[in-house]
Amino acid sequence: MDVPNMPCFFIYPELPKAVLTSSPQWGELYTGETVTLSCGVEGLFTDWEYLWYKSSQGGTEKIRDTTGASYTLSPVTESHSGEYQCEAQRGDPPRSSQRSDPVTLTVSELPKAVLTSSPQWGELYTGETVTLSCGVEGLFTGWEYLWYKSSQGGTEKIRDTTGASYTLSPVTESHSGEYQCEAQRGDPPRSSQRSDPVTLTVSELPKAVLTSSPTWGELYTGETVTLSCGVEGLFTGWEYLWYKSSQGGTEKIRDTTGASYTLSPVTESHSGEYQCEAQRGDPPRSSQRSDPVTLTVSELPKAVLTSSPQWRNLYTGETVTLSCGVEGSFTGWEYLWYKSSQGGTVKIRDTTGARYTLSSVTQSHSGQYLCEAQRGGRPRSSQRSDSVTLTVSELPKSVLTSSPQWRNLYTGETVTLSCGVEGSFTGWEYLWYKSSQGGTVKIRDTTGARYTLSSVTQSHSGQYLCEAQRGGRPRSSQRSDSVTLTVSELPKAVLTSSPTWGELYTGETVTLSCGVEGLFTGWEYLWYKSSQGGTEKIRDTTGASYTLSPVTESHSGEYQCEAQRGDPPRSSQRSDPVTLTVSELPKAVLTSSPQWRNLYTGETVTLSCGVEGSFTGWEYLWYKSSQGGTVKIRDTTGARYTLSSVTQSHSGQYLCEAQRGGRPRSSQRSDSVTLTVSELPKAVLTSSPQWRNLYTGETVTLSCGVEGSFTGWEYLWYKSSQGGTVKIRDTTGARYTLSSVTQSHSGQYLCEAQRGGRPRSSQRSDSVTLTVSELPKAVLTSSPQWRNLYTGETVTLSCGVEGSFTGWEYLWYKSSQGGTVKIRDTTGARYTLSSVTQSHSGQYLCEAQRGGRPRSSQRSDSVTLTVSAGKPKPVLTRVPAREIFEGDKITLSCAVGGSGGWRYLWYKDSQRTSAPQTDSSSGTGAGYTISAAALSHSGEYWCRAGRGSKPFNSQYSNAVNIQVSERPQAVLTQEPAWTQIYESERVTLRCEVQGGYTDWRFKWYKAGGNAPVTQDYYSSIYGDRYTISYATQYHSGEYTCKGERTGNPSFSKTSDALTLRVSAGKPKPVLTREPAEEIFEGDTVTLSCVVDGGSGGWRYLWYKGSQHSTPVYQTNNSSGTGAGYTISAVALSHSGEYCCRAGRGSKPFNSDYSSAVKIQVSGLPQTTLTLEPPFPEICTGETVTLRCGVKGGSAGWKYLWYKDSEDTPVLQTAGRSITGDSYTITAAAVSDQGQYWCRGQRGDQPLYSQLSDKVILVVSASEPLNVDCNHSKNTTGEDTRSYLLQNLKTLSPNPILFSVSEVCPKAVLTLQPAGAQIFTGETVTLSCEVEGGSAGWRFKQYRDGHEKALCTDQYSGRNGDHCKITYAQESHGGVYWCASGQKHSNAVNLTVSNEWVILQTPTQPVFEGDALTLKCRVRYNDHITRVVFYKDNKELQSQADTELSVARVSKSDEGSYKCTAWGLSSYHYGDSAEVRVSVRELFSRVTLTASPGATVKEGEALNLTCEAAVNKTPRPELHYTIVRDVEPVTNSTDSALYSIASTEKSHTGNYTCAVESQGVKKSSQELHIEVESNNNLYRSKKSWLWIIGPLSGSLVLIILIVVTILLFYRYKTKGFLFIAAKSRRPADQTPAQLSRGMELSGLGQQPGNSTASNLESVYTEVKPFQQNKAVHVTDTPSTSNGDDILYSVIDLKNIKPAKPRSKHDCDVLYSNVLVKKPEDNPSAADNNDVLYSELDMRNVNKKKKKGKTLAGKQPEVLYSEINQAKPSGKPAADNVESMYAAVLPKKKRK
């Protein structure tokens, strides 16, 4: 039937749906941002065009002019808000998609920044703090802030701050202006609108004004002062802050806010600068700090209390006078006296005098006495004196003791009586007395402290007493209490024995007991034994009993005992003897039956025991001895012991012993009987022949014998098999033969022997096993195994025989249709057919033969060989045959038909190159497989087959080509690329296939599974993306993707696995702190915030104090960057708890808050710096030590030192050393003056301490004004014999007074004895030697950072300029000096040691050339036999002498010394402490200078001066040597001046000078002197010599006589030196100005050298000074207003020389300088108002001696002219030529 044509209908599923996404994803936008909408269609359809729609309140409208897959809005405005959709269209079905779900965009205005200030007021005052805070409206976070300031100059951005707050502290007027802020962030909205401005106006604070009442600033302790503070202006409501500044810094005064601050009563600690500052609630909140008011509080002068006599320990009846005085110059004192005791302090009435005398003291006068002074003016009272303690004691009592202590003695003992006197008095002699019934008698001929009675008798019994006498006080003691001695006879020892019978048997026990009559205890006993050999002491026993157990015959004898003890009576009389007699025990006798001792197992023996002698009633003990020892045999006590059926275990020695009830209780043990039990002899079975494996038909003979020499045996034969053991009948012979064996003869055979005598039978023999077997069979194999061969191949037939037999020969056979034929000429095990032909085809067999057993084998089975002609060719095929991509599997197959045993060879690219064998390709059998093709597998392949050991190869196959193409690679990526995802985060996986292939469909796999990943509620797959919109832990795992398509390649490579880790909950960051240990100010602290899992993308927020607080932002010294928050220099304000939080993503996913980490910042330990000695000013050459300490202990600290600035370190140089906590300057120089700091440093926390407060060291020149005409040189190079008066413009006839004072007075403190180290208890005297007497000077001690007065405690007292410490304590150690006001002596360091050994050194330092003696001492001056001295921990020398001497020390002797001492019997006393010995240079430099200069004209005078900067006081004698061109001009003279009156050309040369003293010699640098020609010299001499010569000589002589008389007269009558100068007074000079004084300054010090003029001061400048002002060192003369100064008179009145004048002092005194008018001297310089003309010499106080000259070689020089000279070296300050008044020597007439 026909079927009608029907139309075809295609039914499509639902239209694919468009998918609309936005980038960025957030729908809330801000104006100015950009958003891109992207449209795609689900499924595999392509070539879409897109329609875009927007819906708003007005409806939905199509967006024109865009058909692309993306639609971008940029920049968005609020009008872009609405819902957006898209739809797709295409030409082929499906022609359109469903419209997408809408995406809503909301566009908002940017949020606005809001700026506030705290405090809110805009009007500020300088010094206040204001914080501007910026925030942004809304809930957005993560803002950074930009700050702007506007002023008249415009608006500028404020740099270096992005925080939410901006603090100005402290504000200044420059901070005034308008401020604005603006915010920025990484996520939308990215910025804010700028804030409205905030205006700040900054004004100056009003100033506080401080006054004091009373107004004097110098107060005394105990007075009252009130400070009042007020504030300028009209502001009210002030509270006041008070501050005090001192050397330790400025500190706030607590607990007072009033307008006045009263100090009552004031103390020295109140000294300092005070300031005030005001604060109030409203602006201005504070004032400027006031100018300071300085208060100086001095201690009230202290009363000083002394006693006469000085000792404070008195005895009743003596007299003492207490004297009270007050320090200082105040007078008019009345004195109050006080006495302190346990009942309190009581004022002593009816006395106000300076002395208080106690006559005939009693014990009631004991107590502490004090005094105090009062007067009418200020100060009105003194401090109360230190107490003086008086102790009034009874005379000391003698104390009598005895040694030993017991008083009951026994005759013969010794006792020593010792007498001592209570207290510390020494020098006693002793009187001894004995009292008995006849009275008390003095014992003659002994005055010692001990009285010994040796070997006492009963006549020595009685009472003994002693009494002491001495020369000093107290002179006698009270008589001692009596000691009674009683002397008695010794007690007797008593000896007993237990048991009491004296006749014993060996083995028994006896105990001897010894006792002593009387009640005495504590005895030890001596035992003695007497025999024929005499009496001997028994050793090793001292007990009261002596036991002998067991006794032997040697114990027989007489025994005695005697007792001894530690206390009297020390021994007893010996006891009466006890006699012991010891006899042997009877002996047991042992016999056996039968008598033989060698037994065989199974026999019986009986042992019998009896005892010698007539004793009966015995029971017997039996013993057996073997290698394991002797054992008692149990359960038998009879006289017989029978062993039945013995075994070898019965072998051994047997003994017996008897026991009974009476004595003797036992016998001696019997001699032993030895029994030996042997095994029966054994039968031995052998076979002949020896082999046991037999073959059917053979014969074997078995033979049986018995070990040993026994004969007469008959034999029994046995056979064992599975059925059991059967006796073989009918044979008793020694042999048994089996002939023609069969397999039934197999089995085990045994034999046994019997006889009539002992032994009667043997043991059965070991078995012999016979095995009977069939003959072995031959086995035939071929190699190779295949039997189908090709012509030319080789095959080997091998024949072998089963079993282990060897030595076979083989017979070979071949069978074919013609029959079986033996193959000749071969008997080997192998038969090889080489290069076979078809004729070798057939069946082959073999058979074996041998000379031994078995002799032949059975014939083998046959092997058939078939031989074919030619070589085969393999066939090669490939699977698959299509195009191959990487990763495909390829199999090549090679086949050779019809045969086996082939090995296949594979070749690639050529028939000579083998194909590789790798993990992905291998050739096995007939196949070569590439499991995963790679590009390298491309090429041509062949195969070939081969077999055999010498291979027979087939032909090569035809080639097969393989071309491998690269397979596209799938790449899987993650967006975002975080390694750790947390629940609720969004993540997208994207798969891409590389290469040009399209139409990929993607499959997603998880955890290596084969099933693709599917979409669920939280995830979606769209195209090449797999999006997880809300991650859960289910989504964790390893993801891969792969592309698939319909064409070839049908799939891509699988992507590498991407691991997605999704964690539950929110991560909690881990916050750590570095460092973990204690933190100190200034340390760097880093907080590290880490989110576990190592994921990235986190932004970190940091919080302090509370999780809900504002996050911590970056400041100047702390920053939060990434996972770290660093505080670079922590302060105490940084202390607190910190936590962190992390967030990431555009819609932030935030972590939990971390656990809090606490930062506790500790302050650095304080550092203290002190001066030792604590002088406010020291002198050059003195020693000073700066000591640094850290509060809280000194463990591990090293110290850093700084000078003049807090970052300039102090270096160790000569004379300046750092040791431990001290920095010592052994010879201070002016360059050491300055400010010093120190701080501690160590390896553990804290690494540093705080910087100490500064200490100011002031160093002054150490000499008073002292003019030395011979040795000084000034700063201009002129000879100081010419005194320069610089910058003189005019001279005045009015006198100006000079005031000269000593900066460092000549006070010297010395120790006696001179050692700087002493022992506790020793005496030392400090002497203060002061020019003019030491009245008003006090002794001071500095120890442990405190200064105190000396000679005021119970161990010391002052007498004039001496302070004597009579019983030194360790507290007396320290630095000592004497002082009066600001004046002080040198400091001396005294060490008081409580150790056994000290090293005594002279007081430090010593100078080069001095003698040095070090003495090693032992406490109590014990005898020393050997001393070892060390320097810097290295042994110097070992000697018997306790002193180490260095005749002349040098710098090399400087170092740390110690000693070690030994006494008698090599007793080691120990080591001394180390002592530092410092050696100072005697003189630090030597210079040679020339005057007038190094270049002179012929005929001119030349003075060479050698100067040495001497450091030692008093100045040592120096010797000078002048050298020219290596040759000495002068040789070791005491003159430093070398003068040449008239130079000549021959004087040209290189000059040096050398100075020597105390063996120390130093030289100057070379100075070249050049003498130039002077052509006018000879003409002037010739013209005027005859005229001026005689005239000048006469004139000089007359002037000398007149001047000498006048000067001598004036010096005798006036006693002072007067210099007057006359000049005209300038018109602008007032009389008041002329009345001002002037001072000498400069002191001739060279720049940079502080010691150049310690002793040789050079005064070069003259300038004005105020009346009563001391001389000070300055650099340049200056005046305050630049006025011209007139100098008129230098008046030196009654100045006493600082030391006796030496022969180098000036012999000439200058008295009057007269002004010569200009017209009198026509040669004067132009335009000068004053010319100098005359010098009158008056009052010369020294007669000139004949033959003596002023400078050693030169006669006294008469100075006659004062010439004007121009300044050299530098111009005057006012650029006007200065006038120099130079005093030049008058040339001597020849």
# chains A, B, ... in the order shown; residues from 1 in each chain; ligands from 1
>>> residues_around(residues="range 911-913 of chain A", least_positions_apart="3", cutoff="7 Å", atoms="only C-alpha atoms", output="list in words")
Tyr907, Lys908 and Trp942 of chain A
>>> write_last_selection(atoms="N, CA and C atoms", output="PDB file, in the first residue's frame")
ATOM      1  N   TYR A 907      63.361  -0.466  15.204  1.00  0.00           N
ATOM      2  CA  TYR A 907      64.228   0.568  14.690  1.00  0.00           C
ATOM      3  C   TYR A 907      63.392   1.793  14.363  1.00  0.00           C
ATOM      4  N   LYS A 908      64.009   2.990  14.606  1.00  0.00           N
ATOM      5  CA  LYS A 908      63.327   4.265  14.327  1.00  0.00           C
ATOM      6  C   LYS A 908      64.260   5.166  13.546  1.00  0.00           C
ATOM      7  N   TRP A 942      60.807   0.341  11.798  1.00  0.00           N
ATOM      8  CA  TRP A 942      60.979  -0.982  11.201  1.00  0.00           C
ATOM      9  C   TRP A 942      61.057  -2.000  12.317  1.00  0.00           C
TER      10      TRP A 942
END
>>> select_by_dssp(residues="range 403-434 of chain A", states="strand (DSSP E)", output="list in words")
Ser403, Asn408, Leu409, Tyr410, Val415, Thr416, Leu417, Ser418, Cys419, Gly420, Val421, Glu429, Tyr430, Leu431, Trp432, Tyr433 and Lys434 of chain A
>>> write_last_selection(atoms="all heavy atoms", output="tab-separated table (two decimals), in the first residue's frame")
chain	number	residue	atom	x	y	z
A	403	SER	N	92.82	23.81	130.57
A	403	SER	CA	92.80	22.92	129.43
A	403	SER	C	93.59	21.67	129.79
A	403	SER	O	94.79	21.78	130.08
A	403	SER	CB	93.42	23.59	128.20
A	403	SER	OG	93.48	22.70	127.12
A	408	ASN	N	88.71	17.33	137.77
A	408	ASN	CA	89.08	16.11	138.51
A	408	ASN	C	90.14	15.39	137.70
A	408	ASN	O	89.86	14.83	136.63
A	408	ASN	CB	87.85	15.22	138.72
A	408	ASN	CG	86.86	15.86	139.69
A	408	ASN	OD1	87.27	16.45	140.69
A	408	ASN	ND2	85.58	15.76	139.40
A	409	LEU	N	91.36	15.39	138.18
A	409	LEU	CA	92.49	14.83	137.44
A	409	LEU	C	92.97	13.55	138.10
A	409	LEU	O	92.63	13.25	139.25
A	409	LEU	CB	93.64	15.84	137.39
A	409	LEU	CG	93.32	17.22	136.80
A	409	LEU	CD1	94.51	18.15	136.99
A	409	LEU	CD2	92.99	17.08	135.32
A	410	TYR	N	93.76	12.82	137.34
A	410	TYR	CA	94.36	11.59	137.86
A	410	TYR	C	95.86	11.72	137.76
A	410	TYR	O	96.38	12.42	136.86
A	410	TYR	CB	93.84	10.38	137.09
A	410	TYR	CG	92.40	10.12	137.41
A	410	TYR	CD1	91.39	10.75	136.67
A	410	TYR	CD2	92.04	9.32	138.47
A	410	TYR	CE1	90.07	10.55	136.97
A	410	TYR	CE2	90.70	9.11	138.78
A	410	TYR	CZ	89.72	9.73	138.03
A	410	TYR	OH	88.42	9.55	138.34
A	415	VAL	N	97.75	19.48	132.99
A	415	VAL	CA	96.72	20.50	132.85
A	415	VAL	C	97.40	21.86	132.67
A	415	VAL	O	98.46	22.11	133.24
A	415	VAL	CB	95.78	20.50	134.07
A	415	VAL	CG1	96.53	20.91	135.34
A	415	VAL	CG2	94.59	21.44	133.85
A	416	THR	N	96.79	22.72	131.80
A	416	THR	CA	97.31	24.07	131.56
A	416	THR	C	96.24	25.07	131.96
A	416	THR	O	95.09	24.98	131.50
A	416	THR	CB	97.69	24.27	130.08
A	416	THR	OG1	98.74	23.38	129.75
A	416	THR	CG2	98.15	25.70	129.83
A	417	LEU	N	96.61	26.03	132.83
A	417	LEU	CA	95.72	27.11	133.22
A	417	LEU	C	96.05	28.33	132.38
A	417	LEU	O	97.22	28.69	132.22
A	417	LEU	CB	95.90	27.42	134.71
A	417	LEU	CG	95.65	26.26	135.68
A	417	LEU	CD1	95.96	26.69	137.12
A	417	LEU	CD2	94.21	25.78	135.57
A	418	SER	N	95.01	28.98	131.78
A	418	SER	CA	95.20	30.17	130.93
A	418	SER	C	94.49	31.34	131.55
A	418	SER	O	93.33	31.23	131.99
A	418	SER	CB	94.64	29.91	129.53
A	418	SER	OG	95.34	28.85	128.92
A	419	CYS	N	95.16	32.47	131.55
A	419	CYS	CA	94.60	33.69	132.14
A	419	CYS	C	94.47	34.74	131.05
A	419	CYS	O	95.42	34.96	130.28
A	419	CYS	CB	95.51	34.20	133.27
A	419	CYS	SG	94.75	35.54	134.23
A	420	GLY	N	93.32	35.38	130.91
A	420	GLY	CA	93.11	36.46	129.96
A	420	GLY	C	92.31	37.55	130.60
A	420	GLY	O	91.72	37.36	131.67
A	421	VAL	N	92.30	38.72	129.93
A	421	VAL	CA	91.60	39.87	130.50
A	421	VAL	C	90.51	40.26	129.51
A	421	VAL	O	90.76	40.35	128.30
A	421	VAL	CB	92.56	41.04	130.74
A	421	VAL	CG1	91.80	42.25	131.32
A	421	VAL	CG2	93.67	40.61	131.68
A	429	GLU	N	100.91	41.54	131.92
A	429	GLU	CA	101.69	40.51	132.61
A	429	GLU	C	100.80	39.91	133.71
A	429	GLU	O	99.92	40.60	134.24
A	429	GLU	CB	102.96	41.10	133.25
A	429	GLU	CG	104.00	41.48	132.22
A	429	GLU	CD	105.32	41.86	132.88
A	429	GLU	OE1	105.32	41.98	134.13
A	429	GLU	OE2	106.32	42.05	132.16
A	430	TYR	N	101.06	38.60	134.04
A	430	TYR	CA	100.09	37.89	134.89
A	430	TYR	C	100.75	37.41	136.19
A	430	TYR	O	101.91	36.98	136.20
A	430	TYR	CB	99.50	36.71	134.13
A	430	TYR	CG	98.71	37.18	132.91
A	430	TYR	CD1	99.33	37.34	131.68
A	430	TYR	CD2	97.35	37.51	133.04
A	430	TYR	CE1	98.63	37.79	130.59
A	430	TYR	CE2	96.64	37.95	131.95
A	430	TYR	CZ	97.27	38.10	130.71
A	430	TYR	OH	96.58	38.56	129.64
A	431	LEU	N	99.95	37.50	137.29
A	431	LEU	CA	100.35	36.98	138.61
A	431	LEU	C	99.49	35.77	138.91
A	431	LEU	O	98.26	35.79	138.69
A	431	LEU	CB	100.15	38.05	139.71
A	431	LEU	CG	100.83	39.41	139.45
A	431	LEU	CD1	100.50	40.38	140.57
A	431	LEU	CD2	102.35	39.23	139.33
A	432	TRP	N	100.14	34.67	139.46
A	432	TRP	CA	99.42	33.42	139.69
A	432	TRP	C	99.41	33.09	141.20
A	432	TRP	O	100.39	33.33	141.90
A	432	TRP	CB	100.11	32.27	138.93
A	432	TRP	CG	99.99	32.43	137.46
A	432	TRP	CD1	100.82	33.10	136.62
A	432	TRP	CD2	98.93	31.92	136.66
A	432	TRP	NE1	100.36	33.05	135.35
A	432	TRP	CE2	99.19	32.32	135.33
A	432	TRP	CE3	97.78	31.16	136.92
A	432	TRP	CZ2	98.36	31.99	134.27
A	432	TRP	CZ3	96.96	30.83	135.88
A	432	TRP	CH2	97.24	31.24	134.56
A	433	TYR	N	98.26	32.53	141.67
A	433	TYR	CA	98.08	32.23	143.09
A	433	TYR	C	97.46	30.85	143.24
A	433	TYR	O	96.68	30.38	142.37
A	433	TYR	CB	97.14	33.26	143.75
A	433	TYR	CG	97.61	34.68	143.61
A	433	TYR	CD1	97.22	35.46	142.52
A	433	TYR	CD2	98.45	35.26	144.57
A	433	TYR	CE1	97.65	36.76	142.37
A	433	TYR	CE2	98.89	36.56	144.44
A	433	TYR	CZ	98.49	37.31	143.34
A	433	TYR	OH	98.92	38.60	143.20
A	434	LYS	N	97.82	30.16	144.42
A	434	LYS	CA	97.22	28.87	144.74
A	434	LYS	C	96.73	28.92	146.19
A	434	LYS	O	97.47	29.34	147.10
A	434	LYS	CB	98.22	27.73	144.58
A	434	LYS	CG	97.64	26.36	144.95
A	434	LYS	CD	98.67	25.26	144.92
A	434	LYS	CE	98.06	23.96	145.39
A	434	LYS	NZ	99.06	22.91	145.60
>>> atom_distance(atom1="CA of Ser670 in chain A", atom2="CA of Thr637 in chain A")
14.9 Å
>>> residues_around(residues="Val388 in chain A", least_positions_apart="6", cutoff="12 Å", atoms="only C-alpha atoms", output="MDAnalysis selection string")
chainID A and resid 304:308 310:313 320:324 337:341 366:371 1351:1357
>>> residues_around(residues="Val1230 in chain A", least_positions_apart="3", cutoff="7 Å", atoms="only C-alpha atoms", output="list in words")
Thr1180, Gln1233, Val1259, Ser1260 and Ser1650 of chain A
>>> write_last_selection(atoms="all heavy atoms", output="JSON list (two decimals), in the first residue's frame")
[["chain", "number", "residue", "atom", "x", "y", "z"],
["A", 1180, "THR", "N", 94.71, 71.54, 87.36],
["A", 1180, "THR", "CA", 95.48, 70.75, 86.40],
["A", 1180, "THR", "C", 96.50, 69.90, 87.16],
["A", 1180, "THR", "O", 97.12, 70.34, 88.11],
["A", 1180, "THR", "CB", 96.21, 71.68, 85.40],
["A", 1180, "THR", "OG1", 96.96, 72.63, 86.14],
["A", 1180, "THR", "CG2", 95.21, 72.39, 84.50],
["A", 1233, "GLN", "N", 88.29, 69.74, 80.75],
["A", 1233, "GLN", "CA", 87.12, 70.46, 81.26],
["A", 1233, "GLN", "C", 85.95, 70.25, 80.31],
["A", 1233, "GLN", "O", 86.11, 70.21, 79.09],
["A", 1233, "GLN", "CB", 87.47, 71.94, 81.37],
["A", 1233, "GLN", "CG", 86.33, 72.83, 81.87],
["A", 1233, "GLN", "CD", 86.84, 74.20, 82.24],
["A", 1233, "GLN", "OE1", 87.54, 74.34, 83.21],
["A", 1233, "GLN", "NE2", 86.49, 75.20, 81.43],
["A", 1259, "VAL", "N", 88.26, 72.52, 85.27],
["A", 1259, "VAL", "CA", 89.69, 72.35, 85.52],
["A", 1259, "VAL", "C", 90.34, 73.72, 85.45],
["A", 1259, "VAL", "O", 90.20, 74.44, 84.47],
["A", 1259, "VAL", "CB", 90.34, 71.40, 84.48],
["A", 1259, "VAL", "CG1", 91.80, 71.19, 84.81],
["A", 1259, "VAL", "CG2", 89.60, 70.06, 84.45],
["A", 1260, "SER", "N", 91.06, 74.09, 86.53],
["A", 1260, "SER", "CA", 91.73, 75.39, 86.59],
["A", 1260, "SER", "C", 93.23, 75.19, 86.62],
["A", 1260, "SER", "O", 93.72, 74.13, 87.03],
["A", 1260, "SER", "CB", 91.28, 76.15, 87.85],
["A", 1260, "SER", "OG", 89.89, 76.36, 87.83],
["A", 1650, "SER", "N", 97.04, 71.88, 77.97],
["A", 1650, "SER", "CA", 96.58, 72.33, 79.28],
["A", 1650, "SER", "C", 97.67, 72.39, 80.31],
["A", 1650, "SER", "O", 97.49, 72.96, 81.35],
["A", 1650, "SER", "CB", 95.47, 71.41, 79.75],
["A", 1650, "SER", "OG", 95.98, 70.13, 79.92]]
>>> closest_residue(among="A:Thr1552, A:Thr21, A:Val795, A:Pro119", to="Thr1530 in chain A", atoms="only C-alpha atoms")
A:Thr1552
>>> residues_around(residues="Lys1364 in chain A", least_positions_apart="3", cutoff="10 Å", atoms="only C-alpha atoms", output="number ranges by chain")
A: 1311-1312, 1323-1327, 1350-1351, 1355-1359, 1367-1368
>>> closest_residue(among="A:Ala869, A:Leu935, A:Gly462, A:Leu200", to="Gly439 in chain A", atoms="only C-alpha atoms")
A:Gly462
>>> residues_around(residues="range 1443-1458 of chain A", least_positions_apart="2", cutoff="7 Å", atoms="only C-alpha atoms", output="PyMOL selection string")
chain A and resi 1399+1408-1416+1429-1432+1441+1472-1479
>>> residues_around(residues="Ser169 in chain A", least_positions_apart="5", cutoff="7 Å", atoms="only C-alpha atoms", output="PyMOL selection string")
chain A and resi 127-130
>>> atom_distance(atom1="CA of Leu400 in chain A", atom2="CA of Leu314 in chain A")
24.6 Å
>>> atom_distance(atom1="CA of Arg640 in chain A", atom2="CA of Trp618 in chain A")
12.7 Å
